[in-house]
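J.: Take a look at run.txt, compact mmCIF, C-alpha atoms (C1' of nucleotides):
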```txt
# COMPACT_ATOMS: atom_id res chain seq x y z
CA MET A 91 -3.93 6.50 14.31
CA GLU A 92 -1.96 6.42 11.08
CA THR A 93 0.24 9.41 10.55
CA VAL A 94 0.46 11.29 7.33
CA ASP A 95 2.49 14.18 6.08
CA CYS A 96 2.59 14.72 2.36
CA LEU A 97 4.06 18.18 1.91
CA PRO A 98 7.81 18.60 2.08
CA PRO A 99 8.79 20.76 5.03
CA LYS A 100 10.92 23.66 3.81
CA ALA A 101 13.95 22.65 5.81
CA PHE A 102 13.77 19.25 4.22
CA ARG A 103 13.35 20.56 0.72
CA ASN A 104 16.46 22.70 0.91
CA ARG A 105 18.65 20.30 2.76
CA HIS A 106 18.92 17.72 -0.02
CA ARG A 107 20.42 18.75 -3.29
CA ASN A 108 20.17 15.29 -4.71
CA SER A 109 16.80 13.66 -4.46
CA THR A 110 18.16 10.32 -5.57
CA GLU A 111 20.48 10.22 -2.60
CA THR A 112 17.66 10.83 -0.17
CA VAL A 113 15.44 8.31 -1.80
CA THR A 114 18.15 5.67 -1.83
CA HIS A 115 18.70 6.35 1.84
CA ILE A 116 15.00 5.74 2.53
CA LEU A 117 15.08 2.39 0.79
CA LYS A 118 18.24 1.26 2.54
CA LYS A 119 16.91 2.35 5.90
CA LYS A 120 13.82 0.27 5.27
CA GLY A 121 15.99 -2.67 4.29
CA VAL A 122 14.43 -3.19 0.88
CA ARG A 123 16.14 -3.50 -2.46
CA VAL A 124 17.26 -0.37 -4.26
CA THR A 125 16.28 -0.69 -7.89
CA GLN A 126 16.13 1.88 -10.68
CA ASN A 127 12.36 1.60 -10.91
CA ARG A 128 11.94 2.28 -7.22
CA VAL A 129 14.38 5.15 -7.09
CA ASP A 130 12.76 6.78 -10.14
CA LEU A 131 9.33 6.41 -8.61
CA LEU A 132 10.30 7.82 -5.24
CA ASP A 133 12.29 10.61 -6.89
CA ILE A 134 9.18 11.77 -8.65
CA LEU A 135 7.10 11.67 -5.50
CA ASN A 136 9.85 13.43 -3.58
CA ASP A 137 9.98 16.26 -6.09
CA ALA A 138 6.21 16.64 -6.31
CA GLN A 139 4.62 19.53 -4.50
CA HIS A 140 1.31 17.73 -4.31
CA PRO A 141 0.10 14.12 -4.44
CA LEU A 142 0.27 12.45 -7.85
CA ASN A 143 -1.89 9.77 -9.39
CA GLN A 144 -0.57 6.83 -11.39
CA LYS A 145 -0.92 8.69 -14.68
CA ASP A 146 0.94 11.73 -13.34
CA ILE A 147 3.73 9.43 -12.27
CA GLU A 148 3.88 7.60 -15.58
CA GLU A 149 4.08 10.89 -17.44
CA ARG A 150 7.09 11.94 -15.41
CA LEU A 151 9.00 8.69 -15.71
CA SER A 152 11.66 8.89 -18.40
CA VAL A 153 12.08 5.11 -18.42
CA LYS A 154 8.64 3.57 -18.10
CA PRO A 155 8.50 0.24 -16.33
CA ASP A 156 5.80 -2.29 -17.00
CA ARG A 157 2.36 -1.20 -15.79
CA VAL A 158 2.36 -4.12 -13.40
CA THR A 159 5.72 -3.17 -11.95
CA LEU A 160 4.60 0.36 -11.23
CA TYR A 161 1.44 -0.97 -9.70
CA ARG A 162 3.37 -3.45 -7.58
CA ASN A 163 5.89 -0.91 -6.41
CA LEU A 164 3.19 1.53 -5.43
CA ARG A 165 1.49 -1.17 -3.40
CA PHE A 166 4.82 -2.25 -1.97
CA PHE A 167 5.61 1.30 -0.82
CA VAL A 168 2.16 1.74 0.66
CA ASP A 169 2.51 -1.53 2.58
CA HIS A 170 5.91 -0.44 3.83
CA LYS A 171 4.50 2.98 4.73
CA ILE A 172 7.03 4.70 2.49
CA ILE A 173 4.30 6.42 0.54
CA HIS A 174 0.76 7.33 1.42
CA LYS A 175 -2.29 6.44 -0.63
CA ILE A 176 -5.10 8.96 -0.95
CA GLU A 177 -8.33 7.62 -2.38
CA VAL A 178 -9.86 10.80 -3.70
CA ASN A 179 -12.84 9.18 -5.34
CA ASP A 180 -14.00 6.12 -7.23
CA SER A 181 -11.71 6.69 -10.15
CA LEU A 182 -8.83 8.67 -8.71
CA THR A 183 -6.12 7.52 -6.34
CA SER A 184 -3.16 9.71 -5.54
CA TYR A 185 0.13 8.96 -3.86
CA SER A 186 2.56 11.04 -1.88
CA LEU A 187 5.80 10.42 -0.10
CA ASN A 188 5.32 9.75 3.58
CA ARG A 189 7.66 12.35 4.97
CA THR A 190 6.96 11.53 8.58
CA PHE A 191 9.02 8.45 7.95
CA ILE A 192 12.01 10.58 7.00
CA GLU A 193 11.49 13.29 9.53
CA GLU A 194 10.80 10.96 12.43
CA GLU A 195 8.09 13.28 13.55
CA HIS A 196 4.37 12.68 13.57
CA SER A 197 1.48 14.68 12.34
CA GLU A 198 -2.18 13.92 12.78
CA GLU A 199 -4.34 12.62 10.00
CA HIS A 200 -5.24 15.62 7.96
CA LEU A 201 -7.52 17.00 5.31
CA HIS A 202 -6.96 16.54 1.58
CA PHE A 203 -8.39 19.04 -0.83
CA TYR A 204 -9.49 18.07 -4.32
CA CYS A 205 -9.88 20.87 -6.84
CA SER A 206 -12.77 20.16 -9.16
CA VAL A 207 -11.34 22.54 -11.78
CA CYS A 208 -7.69 21.51 -12.13
CA HIS A 209 -8.20 18.08 -10.52
CA LYS A 210 -5.17 18.46 -8.33
CA VAL A 211 -5.01 16.94 -4.89
CA ILE A 212 -3.62 19.31 -2.31
CA CYS A 213 -2.38 18.13 1.02
CA MET A 214 -3.22 20.28 4.03
CA PRO A 215 -1.20 18.94 6.93
CA GLN A 216 -2.00 22.08 8.92
CA LEU A 217 -5.65 20.99 9.04
CA SER A 218 -5.93 17.91 11.23
CA ILE A 219 -9.12 15.94 11.05
CA LYS A 220 -11.28 16.92 14.00
CA GLU A 221 -12.49 14.39 16.53
CA TYR A 222 -16.02 13.02 16.59
CA ASP A 223 -17.90 11.36 19.43
CA LEU A 224 -18.83 8.05 17.87
CA PRO A 225 -21.85 6.21 19.26
CA GLU A 226 -21.30 3.81 22.17
CA GLY A 227 -19.42 0.69 21.13
CA PHE A 228 -17.79 2.09 18.02
CA SER A 229 -14.02 2.40 17.95
CA GLN A 230 -11.99 4.38 15.47
CA GLN A 231 -8.88 3.17 13.67
CA SER A 232 -8.36 5.78 10.97
CA SER A 233 -10.22 8.42 9.06
CA LYS A 234 -10.08 10.28 5.83
CA LEU A 235 -11.52 13.61 4.88
CA ILE A 236 -11.67 14.81 1.31
CA VAL A 237 -12.87 18.35 0.72
CA ASN A 238 -13.96 19.13 -2.83
CA GLY A 239 -13.89 22.66 -4.06
CA ILE A 240 -11.88 25.18 -6.05
CA CYS A 241 -8.24 25.82 -5.23
CA ASN A 242 -6.63 29.22 -4.85
CA ILE A 243 -5.08 29.19 -8.31
CA CYS A 244 -8.27 28.24 -10.14
CA ASN A 245 -10.24 30.79 -8.13
CA GLU A 246 -7.81 33.51 -9.22
CA GLU A 247 -8.11 32.49 -12.83
CA LYS A 248 -11.87 32.62 -12.55
CA GLN A 249 -11.72 36.25 -11.39
CA GLU A 250 -9.59 37.26 -14.33
CA ILE A 251 -12.17 36.16 -16.86
CA MET B 37 -23.51 22.10 0.31
CA GLU B 38 -25.03 18.84 -0.75
CA THR B 39 -27.44 17.34 1.73
CA VAL B 40 -27.42 13.75 2.74
CA ASP B 41 -29.55 11.62 4.96
CA CYS B 42 -29.25 7.90 4.63
CA LEU B 43 -30.93 6.46 7.66
CA PRO B 44 -34.71 6.13 7.72
CA PRO B 45 -36.21 8.34 10.44
CA LYS B 46 -38.39 6.23 12.68
CA ALA B 47 -41.54 8.12 11.89
CA PHE B 48 -40.93 7.45 8.24
CA ARG B 49 -40.19 3.78 8.72
CA ASN B 50 -43.46 3.14 10.46
CA ARG B 51 -45.65 5.30 8.32
CA HIS B 52 -45.37 3.25 5.14
CA ARG B 53 -46.52 -0.33 5.14
CA ASN B 54 -45.83 -0.80 1.49
CA SER B 55 -42.39 0.18 0.32
CA THR B 56 -43.31 -0.19 -3.32
CA GLU B 57 -45.99 2.46 -2.95
CA THR B 58 -43.53 4.94 -1.46
CA VAL B 59 -40.92 4.21 -4.03
CA THR B 60 -43.36 4.58 -6.90
CA HIS B 61 -44.41 7.88 -5.42
CA ILE B 62 -40.80 9.08 -5.41
CA LEU B 63 -40.33 8.25 -9.08
CA LYS B 64 -43.59 9.89 -10.10
CA LYS B 65 -42.78 12.99 -8.08
CA LYS B 66 -39.47 13.22 -9.88
CA GLY B 67 -41.24 12.82 -13.20
CA VAL B 68 -39.23 9.82 -14.33
CA ARG B 69 -40.45 6.50 -15.65
CA VAL B 70 -41.63 3.87 -13.22
CA THR B 71 -40.17 0.54 -14.27
CA GLN B 72 -39.91 -2.77 -12.47
CA ASN B 73 -36.14 -2.56 -12.34
CA ARG B 74 -36.24 0.86 -10.74
CA VAL B 75 -38.93 0.02 -8.24
CA ASP B 76 -37.10 -3.17 -7.21
CA LEU B 77 -33.87 -1.27 -6.79
CA LEU B 78 -35.36 1.53 -4.73
CA ASP B 79 -37.38 -0.96 -2.68
CA ILE B 80 -34.17 -2.64 -1.62
CA LEU B 81 -32.50 0.62 -0.70
CA ASN B 82 -35.62 1.77 1.12
CA ASP B 83 -35.70 -1.38 3.22
CA ALA B 84 -31.99 -1.31 3.99
CA GLN B 85 -30.90 -0.16 7.40
CA HIS B 86 -27.48 0.80 6.09
CA PRO B 87 -25.95 1.70 2.72
CA LEU B 88 -25.54 -1.17 0.26
CA ASN B 89 -22.97 -1.78 -2.42
CA GLN B 90 -23.78 -3.08 -5.90
CA LYS B 91 -23.18 -6.68 -4.88
CA ASP B 92 -25.44 -6.35 -1.82
CA ILE B 93 -28.12 -5.00 -4.10
CA GLU B 94 -27.71 -7.74 -6.68
CA GLU B 95 -27.98 -10.39 -4.00
CA ARG B 96 -31.29 -8.99 -2.83
CA LEU B 97 -32.85 -8.64 -6.26
CA SER B 98 -35.17 -11.54 -7.04
CA VAL B 99 -35.24 -10.65 -10.72
CA LYS B 100 -31.74 -9.61 -11.74
CA PRO B 101 -31.54 -7.06 -14.52
CA ASP B 102 -28.55 -6.81 -16.78
CA ARG B 103 -25.42 -5.57 -15.04
CA VAL B 104 -25.45 -2.52 -17.28
CA THR B 105 -29.04 -1.71 -16.41
CA LEU B 106 -28.32 -1.81 -12.70
CA TYR B 107 -25.28 0.34 -13.24
CA ARG B 108 -27.24 2.80 -15.35
CA ASN B 109 -30.08 3.03 -12.91
CA LEU B 110 -27.74 3.62 -10.00
CA ARG B 111 -26.10 6.43 -11.91
CA PHE B 112 -29.47 7.76 -12.99
CA PHE B 113 -30.69 7.89 -9.40
CA VAL B 114 -27.50 9.54 -8.20
CA ASP B 115 -27.81 12.18 -10.94
CA HIS B 116 -31.42 12.77 -9.99
CA LYS B 117 -30.44 12.92 -6.31
CA ILE B 118 -32.81 10.09 -5.50
CA ILE B 119 -30.03 8.03 -3.99
CA HIS B 120 -26.73 8.97 -2.48
CA LYS B 121 -23.36 7.52 -3.50
CA ILE B 122 -20.77 6.87 -0.82
CA GLU B 123 -17.28 6.15 -2.08
CA VAL B 124 -15.87 4.23 0.85
CA ASN B 125 -12.59 3.33 -0.78
CA ASP B 126 -10.98 2.39 -4.06
CA SER B 127 -12.90 -0.79 -4.42
CA LEU B 128 -16.09 -0.17 -2.50
CA THR B 129 -18.96 2.14 -3.37
CA SER B 130 -22.20 2.07 -1.41
CA TYR B 131 -25.58 3.55 -2.11
CA SER B 132 -28.40 4.71 0.10
CA LEU B 133 -31.80 6.25 -0.47
CA ASN B 134 -31.69 10.02 -0.17
CA ARG B 135 -34.43 10.48 2.39
CA THR B 136 -34.08 14.22 2.53
CA PHE B 137 -35.80 14.21 -0.82
CA ILE B 138 -38.82 12.48 0.66
CA GLU B 139 -38.82 14.28 3.95
CA GLU B 140 -38.25 17.72 2.46
CA GLU B 141 -35.90 18.49 5.28
CA HIS B 142 -32.19 19.04 5.11
CA SER B 143 -29.34 17.64 7.07
CA GLU B 144 -25.71 18.61 6.86
CA GLU B 145 -23.14 16.44 5.20
CA HIS B 146 -22.26 13.82 7.71
CA LEU B 147 -19.83 11.13 8.69
CA HIS B 148 -19.88 7.59 7.30
CA PHE B 149 -18.42 4.79 9.31
CA TYR B 150 -16.82 1.78 7.68
CA CYS B 151 -16.37 -1.31 9.83
CA SER B 152 -13.17 -3.10 8.93
CA VAL B 153 -14.49 -6.34 10.44
CA CYS B 154 -17.95 -6.78 8.92
CA HIS B 155 -17.34 -4.33 6.05
CA LYS B 156 -20.65 -2.58 6.61
CA VAL B 157 -21.07 1.08 5.92
CA ILE B 158 -22.97 2.85 8.65
CA CYS B 159 -24.48 6.24 8.15
CA MET B 160 -24.23 8.68 11.05
CA PRO B 161 -26.44 11.63 10.20
CA GLN B 162 -26.18 12.85 13.79
CA LEU B 163 -22.49 13.57 13.20
CA SER B 164 -22.19 16.48 10.78
CA ILE B 165 -18.84 17.09 9.21
CA LYS B 166 -17.15 19.89 11.11
CA GLU B 167 -16.01 23.08 9.42
CA TYR B 168 -12.41 23.80 8.54
CA ASP B 169 -10.74 27.13 7.81
CA LEU B 170 -9.30 26.53 4.38
CA PRO B 171 -6.32 28.61 3.30
CA GLU B 172 -6.97 31.97 1.61
CA GLY B 173 -8.37 31.55 -1.88
CA PHE B 174 -9.76 28.06 -1.46
CA SER B 175 -13.51 27.56 -1.64
CA GLN B 176 -15.42 24.49 -0.54
CA GLN B 177 -18.18 22.77 -2.52
CA SER B 178 -18.62 19.48 -0.71
CA SER B 179 -16.80 17.13 1.60
CA LYS B 180 -16.73 13.53 2.62
CA LEU B 181 -15.51 11.94 5.79
CA ILE B 182 -15.04 8.21 6.13
CA VAL B 183 -14.13 6.88 9.54
CA ASN B 184 -12.68 3.37 9.59
CA GLY B 185 -12.92 1.29 12.69
CA ILE B 186 -14.89 -1.43 14.40
CA CYS B 187 -18.64 -1.13 14.79
CA ASN B 188 -20.59 -1.77 17.99
CA ILE B 189 -21.71 -5.25 16.96
CA CYS B 190 -18.24 -6.47 15.99
CA ASN B 191 -16.78 -4.96 19.15
CA GLU B 192 -19.30 -6.90 21.24
CA GLU B 193 -18.47 -10.13 19.46
CA LYS B 194 -14.80 -9.53 20.10
CA GLN B 195 -15.45 -9.28 23.86
CA GLU B 196 -17.32 -12.57 23.92
CA ILE B 197 -14.33 -14.48 22.62
C1' DA C 179 32.65 -14.18 -8.68
C1' DA C 180 29.09 -17.18 -7.09
C1' DA C 181 24.70 -18.03 -4.89
C1' DC C 182 20.41 -16.73 -3.75
C1' DA C 183 16.48 -13.95 -2.81
C1' DT C 184 13.71 -10.73 -4.93
C1' DA C 185 12.19 -7.49 -8.74
C1' DT C 186 10.67 -7.29 -13.33
C1' DG C 187 8.26 -8.10 -17.72
C1' DC C 188 5.00 -10.61 -20.04
C1' DA C 189 0.79 -13.08 -20.77
C1' DA C 190 -3.38 -13.75 -19.10
C1' DC C 191 -7.48 -13.04 -16.60
C1' DA C 192 -11.03 -10.46 -13.22
C1' DT C 193 -13.68 -6.58 -12.14
C1' DT C 194 -15.80 -2.39 -12.96
C1' DG C 195 -17.14 1.29 -15.78
C1' DT C 196 -18.79 2.66 -20.29
C1' DT C 197 -20.87 3.10 -25.15
C1' DG C 198 -23.76 1.96 -29.31
C1' DC C 199 -27.50 -0.06 -31.02
C1' DA C 200 -31.67 -2.85 -31.75
C1' DT C 201 -35.65 -4.08 -29.20
C1' DA C 202 -38.98 -3.78 -25.41
C1' DT C 203 -41.70 -1.05 -22.44
C1' DG C 204 -43.91 3.04 -20.09
C1' DT C 205 -46.60 7.08 -20.81
C1' DA C 206 -49.42 10.46 -22.86
C1' DA C 207 -52.41 11.69 -26.55
C1' DA C 208 -56.07 10.42 -29.68
C1' DT D 233 -58.20 1.12 -25.67
C1' DT D 234 -55.17 1.85 -29.12
C1' DT D 235 -51.46 4.46 -31.17
C1' DA D 236 -47.20 6.99 -31.20
C1' DC D 237 -43.18 8.21 -29.25
C1' DA D 238 -39.65 8.81 -25.92
C1' DT D 239 -37.01 6.21 -22.97
C1' DA D 240 -35.38 1.88 -20.58
C1' DT D 241 -33.32 -2.45 -21.32
C1' DG D 242 -30.33 -6.25 -22.88
C1' DC D 243 -26.58 -7.53 -25.46
C1' DA D 244 -22.11 -7.17 -27.49
C1' DA D 245 -18.12 -5.03 -27.16
C1' DC D 246 -14.47 -2.33 -25.40
C1' DA D 247 -11.55 0.52 -21.79
C1' DA D 248 -9.32 1.05 -17.49
C1' DT D 249 -7.61 -0.86 -13.48
C1' DG D 250 -6.34 -4.47 -10.42
C1' DT D 251 -4.32 -8.97 -9.97
C1' DT D 252 -1.69 -13.57 -10.48
C1' DG D 253 1.78 -17.01 -12.20
C1' DC D 254 5.89 -17.80 -14.09
C1' DA D 255 10.35 -17.40 -16.44
C1' DT D 256 14.06 -14.25 -16.55
C1' DA D 257 16.86 -10.36 -14.90
C1' DT D 258 18.92 -7.92 -11.23
C1' DG D 259 20.53 -6.64 -6.35
C1' DT D 260 22.73 -8.09 -2.49
C1' DT D 261 25.54 -10.87 0.51
C1' DT D 262 29.24 -14.19 1.03
```
Could you render the structure as structure tokens?
T.:
Amino acid sequence: METVDCLPPKAFRNRHRNSTETVTHILKKKGVRVTQNRVDLLDILNDAQHPLNQKDIEERLSVKPDRVTLYRNLRFFVDHKIIHKIEVNDSLTSYSLNRTFIEEEHSEEHLHFYCSVCHKVICMPQLSIKEYDLPEGFSQQSSKLIVNGICNICNEEKQEI
Amino acid sequence: METVDCLPPKAFRNRHRNSTETVTHILKKKGVRVTQNRVDLLDILNDAQHPLNQKDIEERLSVKPDRVTLYRNLRFFVDHKIIHKIEVNDSLTSYSLNRTFIEEEHSEEHLHFYCSVCHKVICMPQLSIKEYDLPEGFSQQSSKLIVNGICNICNEEKQEI
DNA sequence: AAACATATGCAACATTGTTGCATATGTAAA
DNA sequence: TTTACATATGCAACAATGTTGCATATGTTT
């Protein structure tokens, strides 16, 4: 079972003043090259409070690398399990830092919430995906659960109107 | 909560000799135009024992309509809730006839299994998606659960080797 | 500082989704 | 059955995203 944990634990968030340091540490630990593009990309994902899609990331990059480079680095990080890919729907894929890698602790596969109003993806590591009794002969490798709905912030705004 | 039921109930499968008749009936009941393209498309989905992707469908069509027409009709049927769209992952979308529409009965949203060996999507209407207690303020509209693994047939074949 | 493996940018192409528009076809009314 | 009209279709074209090959730039190790 693949492990996923996309929200920064509080302890972790406060411990590191300098995101770039942390991110560089991750890359070195993994034994891959530390380049500006990669550090920038991971910095952004490290700072994010929820998963970001490729556009979100591009918007936040001060120095924009070639589209292909960003694409390749995202794939590279996914392959190296440094970031986690969340396929929300046909046309939306989000990415988040895989913090289990840093924390050396494991969390179950969990639910991802997609707000149909603000289109944010919200990671809910506290909600593990429940088990299902598959029919005889079927074996499970991984699972993904996307819940569509309205998030707390958009629900509040709706009330105010 | 959207209702989904992709596998033909046995009673239903045996009742109709002529798929085209059934399919024409569906279109008429919905009050939309009955065209050859649409009947062919629904025929294929009606005959299928598991959800099909656009390529699967194209392969089975004896008379191939324009790519755009197939695309438009798939979207049209999804909008009219005649077929159900299953977004398996980034690059794979499958479609299945929405039999709840014919049967006038409802089933909960359920699990879809994706076999990583044969790449088939298998519908498991007997496994309803379990409920989750979302955090305060979040409301749920729909959900989708894709379980990746190895299906019964591919597991059997693995044993034989 | 040199040597080498790898990351990057660029050009190019593939796939899928999408729109506009002229023509063909299904359907309902005469 | 024919006519009239709304809608479905095919075609051309374009957008977004994913992907590869290759020359050049950069990082890492010695």
J.: Considering only C-alpha atoms, can you say which of B:Ser152, B:Asn184, B:Ser98, B:Thr136 comes closest to Ile62 in chain B?
T.: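 Closest candidate: B:Thr136.
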J.: Please indicate the distance in Å from CA of Pro215 in chain A to CA of His200 in chain A, rounded to one decimal place.
T.: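 Computed distance, CA of Pro215 in chain A to CA of His200 in chain A, equals 5.3 Å.
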J.: Using only the atoms of range 60-69 of chain B listed in the file, plus 8 Å on each side, state the axis-aligned box centre and edge lengths in Å rounded to one decimal, as JSON.
T.:
```
{"center_x": -41.8, "center_y": 8.9, "center_z": -10.5, "size_x": 21.2, "size_y": 24.6, "size_z": 26.2}
```
J.: Which residues, written as a list in words, have at least one atom at most 12 Å from Phe112 in chain B, with only C-alpha atoms (C1' of nucleotides) counted and residues fewer than 3 positions away on the same chain left out?
T.: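 Answer for this query is Leu63, Lys66, Val68, Arg69, Arg74, Leu77, Leu78, Val104, Thr105, Leu106, Tyr107, Arg108, Asn109, Asp115, His116, Lys117, Ile118, Ile119, His120 and Lys121 of chain B; DA240 of chain D.
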J.: May I ask you to extract the residues of chain A within 6 Å of chain B, using all atoms listed in the file, and to give them as a short mmCIF file (atom, residue, chain, number, x, y, z; two decimals) with C-alpha atoms, keeping the file's coordinate frame?
T.:
```
data_model
loop_
_atom_site.label_atom_id
_atom_site.label_comp_id
_atom_site.auth_asym_id
_atom_site.auth_seq_id
_atom_site.Cartn_x
_atom_site.Cartn_y
_atom_site.Cartn_z
CA ASP A 180 -14.00 6.12 -7.23
CA GLY A 227 -19.42 0.69 21.13
CA PHE A 228 -17.79 2.09 18.02
CA SER A 229 -14.02 2.40 17.95
CA GLN A 230 -11.99 4.38 15.47
CA GLN A 231 -8.88 3.17 13.67
CA SER A 232 -8.36 5.78 10.97
CA SER A 233 -10.22 8.42 9.06
CA LYS A 234 -10.08 10.28 5.83
CA LEU A 235 -11.52 13.61 4.88
CA ILE A 236 -11.67 14.81 1.31
CA VAL A 237 -12.87 18.35 0.72
CA ASN A 238 -13.96 19.13 -2.83
CA GLY A 239 -13.89 22.66 -4.06
CA ILE A 240 -11.88 25.18 -6.05
CA CYS A 241 -8.24 25.82 -5.23
CA ASN A 242 -6.63 29.22 -4.85
#
```
J.: Hey, can you pull every residue with an atom no more than 9 Å from (-12.6, 0.4, -20.6), using all atoms listed in the file, and send it as a list of chain:residue names?
T.: C:DT194, C:DG195, C:DT196, D:DC246, D:DA247, D:DA248, D:DT249
J.: Record the distance separating CA of Ile93 in chain B and C1' of DC243 in chain D, expressed in Å with one decimal.
T.: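 C1' of DC243 in chain D lies 21.6 Å from CA of Ile93 in chain B.
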J.: Give me, please, the distance in Å between CA of Ser55 in chain B and CA of Leu133 in chain B, quoted to one decimal.
T.: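 Calculated distance between CA of Ser55 in chain B and CA of Leu133 in chain B is 12.2 Å.
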J.: Determine, counting all atoms listed in the file, which protein, DNA and RNA residues have an atom within 9 Å of an atom of DT186 in chain C; residues of the same chain fewer than 6 positions away are not included. Present the result as a PyMOL selection string.
T.: (chain A and resi 155-156+158-159) or (chain D and resi 256-258)
J.: Select, from C:DA190, C:DA200, C:DA185, C:DA206, the residue with the minimum atom-to-atom distance to chain A, counting only C-alpha atoms (C1' of nucleotides).
T.: C:DA185
J.: Here is a test: counting all atoms listed in the file, which residue of A:Lys119, A:Arg157, A:His140, A:Lys210 is nearest to chain D?
T.: A:Arg157
J.: Check the smallest atom-to-atom distance from each of C:DA192, C:DT205, C:DT197, C:DG187 to chain A using all atoms listed in the file, then report the winner.
T.: C:DG187
J.: Determine, for each residue of chain D having at least one atom at most 9 Å from an atom of chain A, the closest pair of atoms and their separation in Å to one decimal, counting all atoms listed in the file; order by chain and ascending number, as JSON lines.
T.:
```
{"residue": "D:DG250", "atom": "C1'", "partner": "A:Tyr161", "partner_atom": "CA", "distance": 8.6}
{"residue": "D:DT251", "atom": "C1'", "partner": "A:Val158", "partner_atom": "CA", "distance": 8.9}
{"residue": "D:DT258", "atom": "C1'", "partner": "A:Thr125", "partner_atom": "CA", "distance": 8.4}
{"residue": "D:DG259", "atom": "C1'", "partner": "A:Arg123", "partner_atom": "CA", "distance": 6.7}
{"residue": "D:DT260", "atom": "C1'", "partner": "A:Arg123", "partner_atom": "CA", "distance": 8.0}
```
